[in-house]
>>> print(open('structure.cif').read())   # mmCIF, C-alpha atoms
data_upload
#
loop_
_atom_site.label_atom_id
_atom_site.label_comp_id
_atom_site.auth_asym_id
_atom_site.auth_seq_id
_atom_site.Cartn_x
_atom_site.Cartn_y
_atom_site.Cartn_z
CA MET A 1377 142.08 128.11 85.56
CA LYS A 1378 143.61 126.42 82.58
CA LYS A 1379 140.51 124.29 82.29
CA ILE A 1380 138.27 127.35 82.26
CA THR A 1381 140.37 129.00 79.58
CA PHE A 1382 140.23 125.82 77.55
CA LEU A 1383 136.46 125.60 77.92
CA ALA A 1384 136.05 129.27 77.04
CA VAL A 1385 138.15 128.84 73.91
CA LEU A 1386 136.20 125.71 73.04
CA PHE A 1387 132.86 127.49 73.39
CA ILE A 1388 134.01 130.49 71.40
CA SER A 1389 135.26 128.27 68.59
CA LEU A 1390 132.09 126.17 68.71
CA SER A 1391 129.91 129.22 68.41
CA ALA A 1392 132.13 130.45 65.60
CA ILE A 1393 131.49 127.21 63.74
CA GLY A 1394 127.78 127.63 64.39
CA GLN A 1395 127.73 131.08 62.89
CA ASP A 1396 129.09 129.96 59.53
CA LYS A 1397 126.15 127.72 58.83
CA TYR A 1398 123.12 128.65 56.81
CA LEU A 1399 120.39 126.10 56.50
CA THR A 1400 116.83 125.34 55.49
CA LYS A 1401 114.52 122.43 56.21
CA THR A 1402 111.98 123.40 53.60
CA GLY A 1403 113.93 123.71 50.38
CA THR A 1404 112.14 122.70 47.19
CA LEU A 1405 113.21 120.24 44.56
CA ASP A 1406 111.17 119.71 41.39
CA PHE A 1407 111.79 117.10 38.81
CA GLU A 1408 110.23 116.47 35.47
CA ALA A 1409 110.65 113.59 33.06
CA SER A 1410 107.70 114.32 30.79
CA VAL A 1411 107.44 113.51 27.14
CA PRO A 1412 105.41 115.93 24.98
CA SER A 1413 101.75 114.92 24.39
CA PHE A 1414 101.77 112.33 27.19
CA GLU A 1415 100.71 112.79 30.78
CA GLU A 1416 103.02 115.03 32.79
CA VAL A 1417 105.59 113.10 34.85
CA ALA A 1418 106.60 115.59 37.50
CA ALA A 1419 106.94 115.80 41.25
CA LYS A 1420 107.75 118.31 43.91
CA ASN A 1421 109.52 117.92 47.25
CA LYS A 1422 109.02 120.81 49.66
CA SER A 1423 110.95 119.48 52.63
CA VAL A 1424 114.53 119.30 51.45
CA THR A 1425 117.21 120.02 54.05
CA ALA A 1426 120.17 122.04 52.80
CA ILE A 1427 123.20 123.35 54.65
CA LEU A 1428 125.81 125.79 53.39
CA ASN A 1429 129.05 126.54 55.16
CA THR A 1430 129.65 130.19 54.36
CA LYS A 1431 133.30 129.98 55.28
CA ASN A 1432 134.35 127.59 52.54
CA GLY A 1433 131.31 127.04 50.31
CA ASP A 1434 130.72 123.44 51.36
CA PHE A 1435 127.16 122.49 50.55
CA ALA A 1436 125.02 119.49 51.48
CA ALA A 1437 121.40 118.68 50.73
CA LEU A 1438 119.14 115.81 51.68
CA ALA A 1439 115.77 114.99 50.17
CA LEU A 1440 113.55 112.22 51.46
CA VAL A 1441 112.27 110.33 48.45
CA LYS A 1442 108.84 109.67 49.96
CA ALA A 1443 108.25 113.40 50.17
CA PHE A 1444 108.10 113.75 46.38
CA ARG A 1445 104.49 114.52 45.56
CA PHE A 1446 102.97 113.85 42.17
CA LYS A 1447 99.64 115.16 40.96
CA ASN A 1448 98.66 111.59 40.19
CA ALA A 1449 98.61 109.34 43.26
CA LEU A 1450 99.08 106.17 41.24
CA MET A 1451 102.14 107.63 39.54
CA GLU A 1452 103.51 108.50 42.97
CA GLU A 1453 102.97 104.90 44.10
CA HIS A 1454 104.74 103.52 41.03
CA PHE A 1455 107.59 105.98 41.47
CA ASN A 1456 108.11 104.85 45.06
CA GLU A 1457 107.65 101.12 44.48
CA ASN A 1458 109.15 100.44 41.06
CA TYR A 1459 111.58 103.22 40.19
CA ALA A 1460 113.01 104.99 43.22
CA GLU A 1461 112.38 101.98 45.52
CA SER A 1462 112.02 104.36 48.41
CA ASP A 1463 111.62 101.62 51.02
CA LYS A 1464 115.14 100.44 50.23
CA HIS A 1465 116.62 103.84 49.39
CA PRO A 1466 114.69 106.47 51.36
CA LYS A 1467 117.19 109.28 50.85
CA ALA A 1468 118.61 111.31 48.01
CA THR A 1469 121.66 113.32 48.99
CA PHE A 1470 124.00 115.83 47.42
CA LYS A 1471 127.37 116.83 48.77
CA GLY A 1472 129.54 119.36 47.09
CA LYS A 1473 131.30 122.68 47.06
CA ILE A 1474 130.31 126.01 45.58
CA GLU A 1475 133.39 127.16 43.67
CA GLY A 1476 134.64 130.64 44.46
CA PHE A 1477 132.03 131.21 47.16
CA ASN A 1478 132.58 134.46 48.99
CA PHE A 1479 129.99 135.55 51.53
CA ASP A 1480 131.06 139.20 51.41
CA ALA A 1481 130.52 139.36 47.66
CA LEU A 1482 126.84 138.39 47.91
CA SER A 1483 124.24 141.04 47.15
CA GLU A 1484 120.50 141.31 46.54
CA LYS A 1485 121.17 140.77 42.88
CA ASP A 1486 121.60 137.26 41.55
CA SER A 1487 125.14 136.28 40.84
CA SER A 1488 126.08 133.13 38.99
CA LEU A 1489 128.36 130.51 40.48
CA SER A 1490 128.84 126.82 39.93
CA VAL A 1491 128.84 123.84 42.23
CA ASN A 1492 130.71 120.54 41.93
CA GLY A 1493 129.72 117.49 43.88
CA SER A 1494 128.09 114.13 43.88
CA LEU A 1495 124.46 113.10 43.90
CA THR A 1496 123.32 109.86 45.51
CA PHE A 1497 119.96 108.48 44.52
CA HIS A 1498 118.63 104.91 44.40
CA GLY A 1499 121.88 103.76 46.02
CA VAL A 1500 124.01 105.07 43.13
CA THR A 1501 126.44 107.96 43.46
CA LYS A 1502 127.12 110.08 40.43
CA LYS A 1503 129.52 112.97 40.12
CA LEU A 1504 127.98 116.19 38.91
CA ASP A 1505 130.29 118.96 37.82
CA ASP A 1506 129.76 122.57 37.03
CA ILE A 1507 126.08 122.91 37.95
CA LYS A 1508 125.23 126.56 37.47
CA LEU A 1509 123.37 128.24 40.26
CA ASN A 1510 122.10 131.68 41.10
CA ILE A 1511 122.89 133.03 44.52
CA LYS A 1512 121.74 136.13 46.33
CA LEU A 1513 121.42 137.52 49.83
CA VAL A 1514 117.95 138.90 50.67
CA ASP A 1515 116.88 139.93 54.19
CA GLY A 1516 119.63 137.84 55.73
CA GLN A 1517 118.65 134.77 53.73
CA ILE A 1518 120.95 133.20 51.18
CA VAL A 1519 118.80 132.17 48.24
CA LEU A 1520 120.21 129.46 46.00
CA SER A 1521 118.43 128.36 42.86
CA GLY A 1522 119.18 126.60 39.63
CA SER A 1523 118.59 123.47 37.63
CA PHE A 1524 120.44 120.56 36.11
CA LYS A 1525 119.78 117.45 34.08
CA VAL A 1526 120.46 113.84 34.94
CA MET A 1527 119.86 110.58 33.10
CA VAL A 1528 117.55 107.98 34.67
CA SER A 1529 119.84 105.21 33.34
CA ASP A 1530 122.81 106.64 35.29
CA PHE A 1531 121.08 105.71 38.53
CA ASP A 1532 120.48 102.07 37.79
CA ILE A 1533 116.76 102.57 37.26
CA GLU A 1534 115.13 100.46 34.60
CA ILE A 1535 112.16 101.81 32.71
CA PRO A 1536 109.86 99.03 31.51
CA LYS A 1537 109.38 99.00 27.72
CA ILE A 1538 105.64 99.52 28.06
CA VAL A 1539 106.08 103.02 29.52
CA ALA A 1540 109.42 103.85 27.89
CA ASN A 1541 107.84 106.17 25.33
CA LYS A 1542 105.87 108.07 27.99
CA LEU A 1543 108.85 108.78 30.18
CA SER A 1544 111.95 110.71 29.29
CA ASP A 1545 115.35 109.23 30.17
CA GLU A 1546 116.56 112.76 30.73
CA VAL A 1547 115.20 114.26 33.93
CA SER A 1548 115.36 117.96 34.63
CA VAL A 1549 115.72 118.91 38.24
CA ALA A 1550 115.16 122.41 39.62
CA PHE A 1551 116.06 123.48 43.12
CA ASN A 1552 115.39 126.46 45.34
CA PHE A 1553 116.81 126.88 48.83
CA GLU A 1554 116.25 129.85 51.14
CA LEU A 1555 118.92 129.39 53.76
CA GLU A 1556 118.75 131.04 57.14
CA LYS A 1557 121.57 131.65 59.53
CA LYS A 1558 121.82 129.05 62.28
CA MET B 1331 70.17 93.23 20.95
CA ARG B 1332 70.22 92.36 24.64
CA LYS B 1333 73.71 90.94 24.23
CA TRP B 1334 74.98 94.30 22.98
CA ILE B 1335 73.46 96.16 25.90
CA VAL B 1336 75.17 93.80 28.34
CA ILE B 1337 78.52 94.23 26.55
CA LEU B 1338 78.09 98.01 26.57
CA ILE B 1339 77.34 98.04 30.31
CA ILE B 1340 80.39 95.87 31.01
CA LEU B 1341 82.55 98.21 28.94
CA ILE B 1342 81.26 101.26 30.83
CA VAL B 1343 81.84 99.61 34.21
CA VAL B 1344 85.39 98.60 33.20
CA ALA B 1345 86.06 102.13 31.96
CA ILE B 1346 84.83 103.66 35.24
CA ILE B 1347 86.84 101.24 37.37
CA GLY B 1348 89.92 101.82 35.19
CA TYR B 1349 89.53 105.58 35.38
CA ASN B 1350 89.14 105.50 39.16
CA TYR B 1351 92.22 103.29 39.44
CA ILE B 1352 94.41 105.53 37.31
CA TYR B 1353 93.15 108.77 38.83
CA GLN B 1354 92.75 107.55 42.42
CA ASP B 1355 93.01 110.07 45.23
CA HIS B 1356 96.07 110.62 47.36
CA ARG B 1357 96.12 109.08 50.80
CA ASP B 1358 94.30 111.19 53.34
CA ILE B 1359 96.57 110.91 56.36
CA GLU B 1360 94.27 113.01 58.53
CA SER B 1361 91.44 110.48 58.26
CA GLU B 1362 93.66 107.42 58.74
CA ALA B 1363 94.02 105.74 62.11
CA ALA B 1364 97.54 106.01 63.53
CA GLU B 1365 99.52 102.76 63.59
CA PHE B 1366 101.88 104.01 66.28
CA VAL B 1367 101.33 106.44 69.14
CA MET B 1368 104.46 107.66 70.89
CA SER B 1369 106.37 110.57 72.36
CA SER B 1370 108.87 112.55 70.32
CA ASP B 1371 111.71 111.14 72.44
CA GLU B 1372 110.70 107.54 71.84
CA ILE B 1373 110.61 107.75 68.07
CA ALA B 1374 113.74 109.93 67.85
CA THR B 1375 115.66 107.35 69.90
CA LYS B 1376 114.43 104.53 67.67
CA PHE B 1377 115.83 106.34 64.64
CA SER B 1378 119.11 107.43 66.18
CA GLU B 1379 119.85 103.93 67.51
CA ASN B 1380 119.17 101.96 64.35
CA VAL B 1381 118.11 103.87 61.26
CA THR B 1382 117.57 100.85 59.01
CA LEU B 1383 115.36 99.05 61.50
CA ALA B 1384 113.38 102.19 62.30
CA GLU B 1385 112.89 102.87 58.60
CA GLN B 1386 111.53 99.37 58.07
CA THR B 1387 109.12 99.87 60.96
CA PHE B 1388 107.93 103.42 60.41
CA LEU B 1389 108.48 104.52 56.82
CA ASN B 1390 105.25 105.64 55.14
CA LYS B 1391 103.23 104.85 58.30
CA THR B 1392 100.78 107.19 59.98
CA ILE B 1393 101.84 107.98 63.52
CA GLU B 1394 100.84 110.17 66.44
CA VAL B 1395 103.59 112.07 68.22
CA SER B 1396 103.39 114.26 71.29
CA GLY B 1397 105.81 116.79 72.73
CA SER B 1398 106.40 120.51 72.97
CA VAL B 1399 106.96 122.84 70.03
CA SER B 1400 110.55 124.06 69.62
CA GLU B 1401 110.25 125.83 66.27
CA LEU B 1402 107.22 127.21 64.51
CA ASN B 1403 106.80 128.43 60.93
CA ASP B 1404 103.89 129.01 58.53
CA ASN B 1405 103.77 125.50 57.14
CA ASP B 1406 105.88 123.46 59.50
CA LEU B 1407 106.87 123.01 63.10
CA THR B 1408 109.50 121.07 65.01
CA ILE B 1409 108.85 119.12 68.20
CA GLU B 1410 111.69 119.23 70.73
CA ASP B 1411 114.28 119.71 67.97
CA LYS B 1412 113.75 116.08 67.03
CA ILE B 1413 110.64 115.72 64.92
CA PHE B 1414 110.06 117.95 61.92
CA CYS B 1415 106.39 118.15 60.92
CA GLN B 1416 105.27 119.59 57.63
CA PHE B 1417 101.69 120.61 56.92
CA LEU B 1418 99.94 120.72 53.57
CA ASN B 1419 98.39 124.06 54.42
CA GLN B 1420 99.17 126.97 56.66
CA ILE B 1421 98.99 126.18 60.39
CA LYS B 1422 95.94 127.99 61.70
CA ASP B 1423 95.72 126.43 65.15
CA ASN B 1424 96.50 128.63 68.06
CA ILE B 1425 99.87 127.28 69.13
CA SER B 1426 103.16 128.86 70.08
CA ILE B 1427 106.69 127.86 71.03
CA ASP B 1428 106.65 125.47 74.02
CA SER B 1429 102.99 124.55 73.49
CA LYS B 1430 102.34 120.93 74.32
CA ILE B 1431 100.84 119.32 71.27
CA LYS B 1432 99.87 116.03 69.72
CA ILE B 1433 100.30 115.57 66.03
CA LYS B 1434 99.34 113.02 63.41
CA GLY B 1435 101.41 112.64 60.26
CA ARG B 1436 103.18 110.32 57.84
CA VAL B 1437 106.80 109.32 58.47
CA ILE B 1438 108.87 110.11 55.38
CA GLY B 1439 112.29 109.33 56.84
CA TYR B 1440 115.29 110.36 58.85
CA ASP B 1441 117.34 113.45 58.11
CA ASP B 1442 120.98 112.61 58.96
CA LEU B 1443 122.15 116.17 58.47
CA LEU B 1444 120.01 117.55 61.27
CA GLU B 1445 119.32 114.27 63.05
CA GLN B 1446 115.59 114.77 62.85
CA VAL B 1447 112.71 112.51 61.94
CA LYS B 1448 110.57 114.06 59.22
CA LEU B 1449 106.79 113.82 58.94
CA ASP B 1450 104.57 115.26 56.25
CA GLN B 1451 100.83 115.82 55.74
CA CYS B 1452 100.53 116.56 59.46
CA ALA B 1453 97.46 117.55 61.42
CA ILE B 1454 97.30 118.87 64.95
CA LEU B 1455 95.16 116.72 67.24
CA LYS B 1456 95.49 118.89 70.32
#
>>> encode(input="structure.cif", output="structure tokens")
Amino acid sequence: MKKITFLAVLFISLSAIGQDKYLTKTGTLDFEASVPSFEEVAAKNKSVTAILNTKNGDFAALALVKAFRFKNALMEEHFNENYAESDKHPKATFKGKIEGFNFDALSEKDSSLSVNGSLTFHGVTKKLDDIKLNIKLVDGQIVLSGSFKVMVSDFDIEIPKIVANKLSDEVSVAFNFELEKK
Amino acid sequence: MRKWIVILIILIVVAIIGYNYIYQDHRDIESEAAEFVMSSDEIATKFSENVTLAEQTFLNKTIEVSGSVSELNDNDLTIEDKIFCQFLNQIKDNISIDSKIKIKGRVIGYDDLLEQVKLDQCAILK
């Protein structure tokens, strides 16, 4: 009997944990490091996994580097082989916490919150603080969007001199996640 | 005079080759032959047992995977909760949850958060 009670409690608590998770497998991440009047250096990743714990605002995202698609196939090849070295470092991850997250306060209108955490890319982890994001709840989906800037040099990526003037050291990254209850 | 014509032709050829190199097309996964053919279980086990080794073997390779559909969306589907397959365009084939399918796609890596192998540029073979 005791065992059954224990199992019942375990299952109830497990399902309770399950209900606090919102996730997507098809979040988008865009980055751009273009310099005016040179060819656009930009890529899009449409298969980013993101998970939000609606109980405490814990947030995690994972982007596979090979999924970044450039308009120019050669640029994509160079990005993978020389800069991101995606064979050695296939993943980019973010782990953090949305400050002051309160599920009950979400509405269909965007509200502004900020997230603190750390971004790992190219084997280097960098702390990112106070990234502003917009958050709303539409048709049962939590929609998170925003953008931030990072420096290429912070991630131990060397830009050869020959292309240095065609590529910005400052990269702007935009994200959009439509999280569904799991 | 003839010398100039030859030089001009060489220049044009170099320009065309250079242009085609810089603006080459993306890989067309659908027309590539698969390097590995396996079931969803087999490849998922390879990744869950040793990620680094599996990445060295499969990353960026075209593979064929078979299994039954566990999740279906407009542009992606999941095979047996283990293999996530993304398509470039909307899935038009007549498939539903639990359909047995065979898919060709490019391995882009392993998602630790969900413990799934991810493929992109997929095509349904049957």
>>> interface_residues(input="structure.cif", of="chain A", to="chain B", cutoff="7 Å", atoms="only C-alpha atoms", output="JSON, numbers by chain")
{"A": [1440, 1442, 1443, 1448, 1449, 1450, 1466]}
>>> write_last_selection(input="structure.cif", atoms="C-alpha atoms", output="compact mmCIF listing (two decimals), in the coordinates of the input")
# COMPACT_ATOMS: atom_id res chain seq x y z
CA LEU A 1440 113.55 112.22 51.46
CA LYS A 1442 108.84 109.67 49.96
CA ALA A 1443 108.25 113.40 50.17
CA ASN A 1448 98.66 111.59 40.19
CA ALA A 1449 98.61 109.34 43.26
CA LEU A 1450 99.08 106.17 41.24
CA PRO A 1466 114.69 106.47 51.36
>>> resolve_selection(input="structure.cif", expression="the PyMOL selection byres ((chain B and resi 1427-1431) around 12)", output="tab-separated table (two decimals) with C-alpha atoms, in the frame of the given file")
chain	number	residue	atom	x	y	z
B	1369	SER	CA	106.37	110.57	72.36
B	1370	SER	CA	108.87	112.55	70.32
B	1394	GLU	CA	100.84	110.17	66.44
B	1395	VAL	CA	103.59	112.07	68.22
B	1396	SER	CA	103.39	114.26	71.29
B	1397	GLY	CA	105.81	116.79	72.73
B	1398	SER	CA	106.40	120.51	72.97
B	1399	VAL	CA	106.96	122.84	70.03
B	1400	SER	CA	110.55	124.06	69.62
B	1401	GLU	CA	110.25	125.83	66.27
B	1402	LEU	CA	107.22	127.21	64.51
B	1403	ASN	CA	106.80	128.43	60.93
B	1407	LEU	CA	106.87	123.01	63.10
B	1408	THR	CA	109.50	121.07	65.01
B	1409	ILE	CA	108.85	119.12	68.20
B	1410	GLU	CA	111.69	119.23	70.73
B	1411	ASP	CA	114.28	119.71	67.97
B	1415	CYS	CA	106.39	118.15	60.92
B	1423	ASP	CA	95.72	126.43	65.15
B	1424	ASN	CA	96.50	128.63	68.06
B	1425	ILE	CA	99.87	127.28	69.13
B	1426	SER	CA	103.16	128.86	70.08
B	1432	LYS	CA	99.87	116.03	69.72
B	1433	ILE	CA	100.30	115.57	66.03
B	1434	LYS	CA	99.34	113.02	63.41
B	1453	ALA	CA	97.46	117.55	61.42
B	1454	ILE	CA	97.30	118.87	64.95
B	1455	LEU	CA	95.16	116.72	67.24
B	1456	LYS	CA	95.49	118.89	70.32
>>> atom_distance(input="structure.cif", atom1="atom CA of Ile1538 of chain A", atom2="atom CA of Gly1499 of chain A")
24.6 Å
>>> atom_distance(input="structure.cif", atom1="atom CA of Glu1453 of chain A", atom2="atom CA of Val1447 of chain B")
21.7 Å
>>> atom_distance(input="structure.cif", atom1="atom CA of Phe1377 of chain B", atom2="atom CA of Lys1473 of chain A")
28.6 Å
>>> axis_aligned_box(input="structure.cif", around="segment 1390-1397 of chain B", padding_each_side="8 Å", output="lines of an AutoDock Vina configuration file")
center_x = 103.3
center_y = 110.8
center_z = 63.9
size_x = 21.0
size_y = 27.9
size_z = 33.6
>>> resolve_selection(input="structure.cif", expression="the PyMOL selection byres ((chain A and resi 1544-1552) around 9)", output="list in words")
Gly1403, Thr1404, Leu1405, Asp1406, Phe1407, Glu1408, Ala1409, Ser1410, Val1411, Val1417, Val1519, Leu1520, Ser1521, Gly1522, Ser1523, Phe1524, Lys1525, Val1526, Met1527, Val1528, Ser1529, Ile1535, Ala1540, Asn1541, Lys1542, Leu1543, Phe1553 and Glu1554 of chain A
>>> write_last_selection(input="structure.cif", atoms="C-alpha atoms", output="mmCIF file, keeping the file's coordinate frame")
data_model
loop_
_atom_site.group_PDB
_atom_site.id
_atom_site.type_symbol
_atom_site.label_atom_id
_atom_site.label_comp_id
_atom_site.auth_asym_id
_atom_site.auth_seq_id
_atom_site.Cartn_x
_atom_site.Cartn_y
_atom_site.Cartn_z
ATOM 1 C CA GLY A 1403 113.930 123.710 50.380
ATOM 2 C CA THR A 1404 112.140 122.700 47.190
ATOM 3 C CA LEU A 1405 113.210 120.240 44.560
ATOM 4 C CA ASP A 1406 111.170 119.710 41.390
ATOM 5 C CA PHE A 1407 111.790 117.100 38.810
ATOM 6 C CA GLU A 1408 110.230 116.470 35.470
ATOM 7 C CA ALA A 1409 110.650 113.590 33.060
ATOM 8 C CA SER A 1410 107.700 114.320 30.790
ATOM 9 C CA VAL A 1411 107.440 113.510 27.140
ATOM 10 C CA VAL A 1417 105.590 113.100 34.850
ATOM 11 C CA VAL A 1519 118.800 132.170 48.240
ATOM 12 C CA LEU A 1520 120.210 129.460 46.000
ATOM 13 C CA SER A 1521 118.430 128.360 42.860
ATOM 14 C CA GLY A 1522 119.180 126.600 39.630
ATOM 15 C CA SER A 1523 118.590 123.470 37.630
ATOM 16 C CA PHE A 1524 120.440 120.560 36.110
ATOM 17 C CA LYS A 1525 119.780 117.450 34.080
ATOM 18 C CA VAL A 1526 120.460 113.840 34.940
ATOM 19 C CA MET A 1527 119.860 110.580 33.100
ATOM 20 C CA VAL A 1528 117.550 107.980 34.670
ATOM 21 C CA SER A 1529 119.840 105.210 33.340
ATOM 22 C CA ILE A 1535 112.160 101.810 32.710
ATOM 23 C CA ALA A 1540 109.420 103.850 27.890
ATOM 24 C CA ASN A 1541 107.840 106.170 25.330
ATOM 25 C CA LYS A 1542 105.870 108.070 27.990
ATOM 26 C CA LEU A 1543 108.850 108.780 30.180
ATOM 27 C CA PHE A 1553 116.810 126.880 48.830
ATOM 28 C CA GLU A 1554 116.250 129.850 51.140
#
>>> resolve_selection(input="structure.cif", expression="the PyMOL selection byres ((chain A and resi 1511-1514) around 8)", output="list in words")
Leu1482, Ser1483, Glu1484, Lys1485, Asp1486, Ser1487, Ser1488, Leu1489, Leu1509, Asn1510, Asp1515, Gly1516, Gln1517, Ile1518, Val1519, Leu1520 and Ser1521 of chain A
>>> write_last_selection(input="structure.cif", atoms="C-alpha atoms", output="CSV table (one decimal), in the frame of the given file")
chain,number,residue,atom,x,y,z
A,1482,LEU,CA,126.8,138.4,47.9
A,1483,SER,CA,124.2,141.0,47.2
A,1484,GLU,CA,120.5,141.3,46.5
A,1485,LYS,CA,121.2,140.8,42.9
A,1486,ASP,CA,121.6,137.3,41.6
A,1487,SER,CA,125.1,136.3,40.8
A,1488,SER,CA,126.1,133.1,39.0
A,1489,LEU,CA,128.4,130.5,40.5
A,1509,LEU,CA,123.4,128.2,40.3
A,1510,ASN,CA,122.1,131.7,41.1
A,1515,ASP,CA,116.9,139.9,54.2
A,1516,GLY,CA,119.6,137.8,55.7
A,1517,GLN,CA,118.6,134.8,53.7
A,1518,ILE,CA,121.0,133.2,51.2
A,1519,VAL,CA,118.8,132.2,48.2
A,1520,LEU,CA,120.2,129.5,46.0
A,1521,SER,CA,118.4,128.4,42.9
>>> residues_around(input="structure.cif", residues="Asn1456 of chain A", least_positions_apart="4", cutoff="10 Å", atoms="only C-alpha atoms", output="ChimeraX atom specification")
/A:1441-1444,1450-1452,1460-1466
>>> residues_around(input="structure.cif", residues="Ala1426 of chain A", least_positions_apart="6", cutoff="9 Å", atoms="only C-alpha atoms", output="list in words")
Tyr1398, Leu1399, Thr1400, Lys1401, Thr1402, Gly1403, Phe1435, Ala1436, Ala1437, Leu1438, Ala1439, Phe1553, Glu1554 and Leu1555 of chain A; Leu1443 of chain B
>>> closest_residue(input="structure.cif", among="B:Ala1374, B:Leu1338, B:Ile1393, B:Ile1347", to="Gly1435 of chain B", atoms="only C-alpha atoms")
B:Ile1393
>>> decode(input="structure.cif", residues="segment 1426-1483 of chain A", atoms="C-alpha atoms", output="PDB file, in the first residue's frame")
ATOM      1  CA  ALA A1426      14.209  26.178 -26.503  1.00  0.00           C
ATOM      2  CA  ILE A1427      12.724  25.217 -23.165  1.00  0.00           C
ATOM      3  CA  LEU A1428      11.187  27.507 -20.565  1.00  0.00           C
ATOM      4  CA  ASN A1429      10.277  26.443 -17.064  1.00  0.00           C
ATOM      5  CA  THR A1430       7.213  28.532 -16.300  1.00  0.00           C
ATOM      6  CA  LYS A1431       7.536  27.965 -12.585  1.00  0.00           C
ATOM      7  CA  ASN A1432      10.821  29.773 -12.098  1.00  0.00           C
ATOM      8  CA  GLY A1433      11.728  31.361 -15.444  1.00  0.00           C
ATOM      9  CA  ASP A1434      14.659  29.049 -16.172  1.00  0.00           C
ATOM     10  CA  PHE A1435      15.398  29.120 -19.865  1.00  0.00           C
ATOM     11  CA  ALA A1436      17.616  26.985 -22.086  1.00  0.00           C
ATOM     12  CA  ALA A1437      18.205  27.041 -25.830  1.00  0.00           C
ATOM     13  CA  LEU A1438      20.284  24.920 -28.157  1.00  0.00           C
ATOM     14  CA  ALA A1439      21.161  25.699 -31.755  1.00  0.00           C
ATOM     15  CA  LEU A1440      23.043  23.304 -33.982  1.00  0.00           C
ATOM     16  CA  VAL A1441      25.670  25.314 -35.799  1.00  0.00           C
ATOM     17  CA  LYS A1442      25.366  23.341 -39.040  1.00  0.00           C
ATOM     18  CA  ALA A1443      21.746  24.398 -39.302  1.00  0.00           C
ATOM     19  CA  PHE A1444      22.690  28.039 -39.935  1.00  0.00           C
ATOM     20  CA  ARG A1445      21.824  28.711 -43.545  1.00  0.00           C
ATOM     21  CA  PHE A1446      23.423  31.477 -45.562  1.00  0.00           C
ATOM     22  CA  LYS A1447      22.221  32.742 -48.910  1.00  0.00           C
ATOM     23  CA  ASN A1448      25.690  32.101 -50.261  1.00  0.00           C
ATOM     24  CA  ALA A1449      26.733  28.443 -50.070  1.00  0.00           C
ATOM     25  CA  LEU A1450      30.437  29.257 -50.117  1.00  0.00           C
ATOM     26  CA  MET A1451      30.016  31.653 -47.212  1.00  0.00           C
ATOM     27  CA  GLU A1452      28.207  28.900 -45.332  1.00  0.00           C
ATOM     28  CA  GLU A1453      31.110  26.534 -45.995  1.00  0.00           C
ATOM     29  CA  HIS A1454      33.660  29.074 -44.759  1.00  0.00           C
ATOM     30  CA  PHE A1455      31.552  29.817 -41.698  1.00  0.00           C
ATOM     31  CA  ASN A1456      31.445  26.124 -40.791  1.00  0.00           C
ATOM     32  CA  GLU A1457      35.062  25.307 -41.608  1.00  0.00           C
ATOM     33  CA  ASN A1458      37.046  28.393 -40.638  1.00  0.00           C
ATOM     34  CA  TYR A1459      35.033  30.427 -38.141  1.00  0.00           C
ATOM     35  CA  ALA A1460      32.526  28.368 -36.185  1.00  0.00           C
ATOM     36  CA  GLU A1461      34.471  25.113 -36.733  1.00  0.00           C
ATOM     37  CA  SER A1462      31.220  23.220 -36.514  1.00  0.00           C
ATOM     38  CA  ASP A1463      32.845  19.788 -36.768  1.00  0.00           C
ATOM     39  CA  LYS A1464      34.635  20.454 -33.486  1.00  0.00           C
ATOM     40  CA  HIS A1465      31.923  22.582 -31.882  1.00  0.00           C
ATOM     41  CA  PRO A1466      28.574  21.486 -33.321  1.00  0.00           C
ATOM     42  CA  LYS A1467      26.425  23.193 -30.701  1.00  0.00           C
ATOM     43  CA  ALA A1468      25.662  26.695 -29.521  1.00  0.00           C
ATOM     44  CA  THR A1469      23.820  26.798 -26.219  1.00  0.00           C
ATOM     45  CA  PHE A1470      22.291  29.369 -23.928  1.00  0.00           C
ATOM     46  CA  LYS A1471      21.309  28.802 -20.334  1.00  0.00           C
ATOM     47  CA  GLY A1472      19.774  31.474 -18.221  1.00  0.00           C
ATOM     48  CA  LYS A1473      16.900  32.839 -16.230  1.00  0.00           C
ATOM     49  CA  ILE A1474      14.185  35.298 -17.148  1.00  0.00           C
ATOM     50  CA  GLU A1475      14.126  37.786 -14.274  1.00  0.00           C
ATOM     51  CA  GLY A1476      10.768  38.402 -12.664  1.00  0.00           C
ATOM     52  CA  PHE A1477       9.001  35.833 -14.835  1.00  0.00           C
ATOM     53  CA  ASN A1478       5.414  35.331 -13.799  1.00  0.00           C
ATOM     54  CA  PHE A1479       3.221  33.097 -15.929  1.00  0.00           C
ATOM     55  CA  ASP A1480      -0.017  34.597 -14.610  1.00  0.00           C
ATOM     56  CA  ALA A1481       1.046  38.094 -15.626  1.00  0.00           C
ATOM     57  CA  LEU A1482       1.426  37.151 -19.311  1.00  0.00           C
ATOM     58  CA  SER A1483      -1.096  38.534 -21.775  1.00  0.00           C
TER      59      SER A1483
END
